[in-house]
Every structure is written in C-alpha cells, then in structure tokens.
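Participant: So that you have it, the file is coords-v5.cif, and it contains mmCIF, C-alpha atoms:
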```
data_my_file
loop_
_atom_site.group_PDB
_atom_site.id
_atom_site.type_symbol
_atom_site.label_atom_id
_atom_site.label_comp_id
_atom_site.auth_asym_id
_atom_site.auth_seq_id
_atom_site.Cartn_x
_atom_site.Cartn_y
_atom_site.Cartn_z
ATOM 1 C CA MET X 839 -4.613 169.179 -127.977
ATOM 2 C CA THR X 840 -8.137 167.859 -127.758
ATOM 3 C CA ALA X 841 -9.655 170.624 -125.614
ATOM 4 C CA ILE X 842 -8.796 173.725 -123.645
ATOM 5 C CA ASN X 843 -11.025 175.150 -120.913
ATOM 6 C CA ASN X 844 -10.217 178.848 -120.453
ATOM 7 C CA ASP X 845 -12.410 179.239 -117.371
ATOM 8 C CA VAL X 846 -10.972 181.940 -115.081
ATOM 9 C CA ASP X 847 -11.436 179.870 -111.892
ATOM 10 C CA TYR X 848 -11.140 176.278 -113.152
ATOM 11 C CA PRO X 849 -8.931 176.138 -116.283
ATOM 12 C CA ALA X 850 -8.002 172.837 -117.883
ATOM 13 C CA ILE X 851 -6.098 171.446 -120.850
ATOM 14 C CA TYR X 852 -6.524 168.030 -122.479
ATOM 15 C CA ALA X 853 -4.213 166.298 -124.958
ATOM 16 C CA ARG X 854 -4.137 162.882 -126.661
ATOM 17 C CA THR X 855 -1.623 161.203 -128.953
ATOM 18 C CA ARG X 856 -2.605 159.323 -132.117
ATOM 19 C CA ASP X 857 -1.946 156.001 -130.375
ATOM 20 C CA GLY X 858 -4.260 156.791 -127.449
ATOM 21 C CA PHE X 859 -2.106 158.209 -124.663
ATOM 22 C CA GLY X 860 -3.812 161.114 -122.943
ATOM 23 C CA VAL X 861 -2.944 163.868 -120.477
ATOM 24 C CA ARG X 862 -5.253 166.155 -118.538
ATOM 25 C CA LEU X 863 -4.257 169.089 -116.336
ATOM 26 C CA ARG X 864 -6.962 171.021 -114.534
ATOM 27 C CA ILE X 865 -7.107 173.471 -111.680
ATOM 28 C CA GLY X 866 -9.839 172.983 -109.086
ATOM 29 C CA GLY X 867 -11.068 174.689 -105.952
ATOM 30 C CA LYS X 868 -8.586 176.887 -104.072
ATOM 31 C CA GLY X 869 -5.863 176.265 -106.660
ATOM 32 C CA GLN X 870 -5.688 172.481 -106.359
ATOM 33 C CA ALA X 871 -3.934 171.033 -109.443
ATOM 34 C CA PHE X 872 -5.056 167.693 -110.868
ATOM 35 C CA PHE X 873 -2.876 165.809 -113.344
ATOM 36 C CA GLN X 874 -4.170 162.665 -115.034
ATOM 37 C CA VAL X 875 -2.510 160.370 -117.556
ATOM 38 C CA ASP X 876 -4.372 157.734 -119.576
ATOM 39 C CA THR X 877 -2.730 154.858 -121.412
ATOM 40 C CA PRO X 878 -4.359 152.625 -124.018
ATOM 41 C CA CYS X 879 -2.520 149.444 -123.100
ATOM 42 C CA VAL X 880 -2.994 148.725 -119.396
ATOM 43 C CA ARG X 881 -5.453 146.421 -117.714
ATOM 44 C CA HIS X 882 -7.372 147.244 -114.541
ATOM 45 C CA SER X 883 -5.697 145.884 -111.426
ATOM 46 C CA GLU X 884 -6.312 146.188 -107.725
ATOM 47 C CA VAL X 885 -4.118 148.619 -105.798
ATOM 48 C CA ALA X 886 -3.018 147.593 -102.319
ATOM 49 C CA ARG X 887 -3.733 149.894 -99.377
ATOM 50 C CA SER X 888 -0.830 152.046 -98.238
ATOM 51 C CA THR X 889 1.483 150.375 -95.734
ATOM 52 C CA SER X 890 2.757 153.698 -94.342
ATOM 53 C CA PRO X 891 0.800 156.067 -92.094
ATOM 54 C CA ALA X 892 -0.353 159.516 -93.219
ATOM 55 C CA THR X 893 2.148 162.324 -92.643
ATOM 56 C CA ALA X 894 -0.521 164.696 -91.315
ATOM 57 C CA PHE X 895 -3.087 164.146 -88.584
ATOM 58 C CA LEU X 896 -6.450 162.881 -89.850
ATOM 59 C CA GLU X 897 -9.562 162.685 -87.695
ATOM 60 C CA PRO X 898 -10.552 159.057 -86.969
ATOM 61 C CA GLY X 899 -13.047 157.801 -89.555
ATOM 62 C CA VAL X 900 -12.401 160.606 -92.026
ATOM 63 C CA GLU X 901 -13.182 159.559 -95.621
ATOM 64 C CA ILE X 902 -11.898 162.602 -97.506
ATOM 65 C CA ILE X 903 -8.334 163.860 -97.175
ATOM 66 C CA PRO X 904 -8.489 167.537 -96.177
ATOM 67 C CA ARG X 905 -7.156 170.378 -98.320
ATOM 68 C CA PRO X 906 -3.396 170.888 -97.905
ATOM 69 C CA ASN X 907 -3.532 173.559 -95.235
ATOM 70 C CA ILE X 908 -1.713 171.456 -92.618
ATOM 71 C CA HIS X 909 2.036 171.913 -92.128
ATOM 72 C CA SER X 910 4.091 168.781 -92.638
ATOM 73 C CA ASP X 911 7.840 168.764 -91.930
ATOM 74 C CA PHE X 912 8.171 166.291 -94.786
ATOM 75 C CA TRP X 913 6.066 168.054 -97.500
ATOM 76 C CA SER X 914 6.085 171.716 -96.440
ATOM 77 C CA ALA X 915 8.980 173.826 -97.672
ATOM 78 C CA GLY X 916 10.453 176.445 -95.378
ATOM 79 C CA SER X 917 10.267 180.069 -96.496
ATOM 80 C CA GLY X 918 14.043 180.480 -96.071
ATOM 81 C CA SER X 919 14.934 177.872 -98.725
#
```
Using the file provided, produce a representation of the structure as structure tokens.
Facilitator:
Amino acid sequence: MTAINNDVDYPAIYARTRDGFGVRLRIGGKGQAFFQVDTPCVRHSEVARSTSPATAFLEPGVEIIPRPNIHSDFWSAGSGS
C-alpha cells in the first residue's frame, strides 16, 4: 500500500508492486467508483473511437457522459433478480 485516503465522502486506496505495477481505487461524487491500473512496461498508443453506439440516449453534442441515472435494459439489473 502506498497511500490510503480515509475521507468520509471520497475515500481512496493506492497500491504499487516492487516492479512498478500500480492500482488505485477511489470513490467520487454520488458514489461513483474509479478503478485505475498502471503498468511499467507499456507504450502509449492511440485508441480507436468506439464502433458501437451508446446504450443510453445522449443529447447531440454532449461532451461529458452523464451520471448513471438512466435505465438501460442492457446494464440495469432488475430488482427481482
């Protein structure tokens, strides 16, 4: 463990191995979880744009994906499961 943030609203934990692999888990606004992994041995490369459409409606021209408060038949679990 390299650091632990015990903040009541935005906790986080950071870890790194001796050979440079790292993991970060933090909780952001409204309970959003962010998980990040770092590796010491990869080179930067371009990532192609997605070839599939979004599963939830997005306003035309929107630059930020909205918080996950939109029901999606694909991603949203039913309460009876």
Participant: Enter the distance from atom CA of Ala850 of chain X to atom CA of Arg862 of chain X, in Å, rounded to one decimal.
Facilitator: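 Separation of atom CA of Ala850 of chain X and atom CA of Arg862 of chain X: 7.3 Å.
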Participant: Quick one: everything within 8 Å of Asp847 of chain X, counting all atoms listed in the file, minus sequence neighbours fewer than 3 positions away in the same chain. Send it as number ranges by chain.
Facilitator: X: 865-867
Participant: How many Å lie between atom CA of Tyr852 of chain X and atom CA of Met839 of chain X, rounded to one decimal?
Facilitator: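 Interatomic distance here is 5.9 Å.
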Participant: For the structure provided, state which residues fall under the PyMOL selection byres ((chain X and resi 840) around 9), and present them as a PyMOL selection string.
Facilitator: chain X and resi 839+841-842+851-854
Participant: In Å, with one decimal, what is the gap from atom CA of Thr889 of chain X to atom CA of Gln870 of chain X?
Facilitator: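 Separating atom CA of Thr889 of chain X from atom CA of Gln870 of chain X is a distance of 25.6 Å.
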Participant: With only C-alpha atoms as the counted atoms, please give the residues lying no more than 7 Å from Thr877 of chain X, apart from itself and same-chain residues fewer than 3 positions off, as a PyMOL selection string.
Facilitator: chain X and resi 858-860+880
Participant: Select, from X:Tyr848, X:Pro898, X:Asn843, X:Pro891, the residue with the minimum atom-to-atom distance to Phe872 of chain X, counting all atoms listed in the file.
Facilitator: X:Tyr848
Participant: Counting only C-alpha atoms, which residue out of X:Ala886, X:Val861, X:Val846, X:Val900 sits closest to Gln874 of chain X?
Facilitator: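 Closest candidate: X:Val861.
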Participant: May I ask which of the residues X:Gly899, X:Pro878, X:Arg887, X:Asp845 is the closest one to Arg864 of chain X, counting only C-alpha atoms?
Facilitator: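 Smallest distance to Arg864 of chain X is found for X:Asp845.
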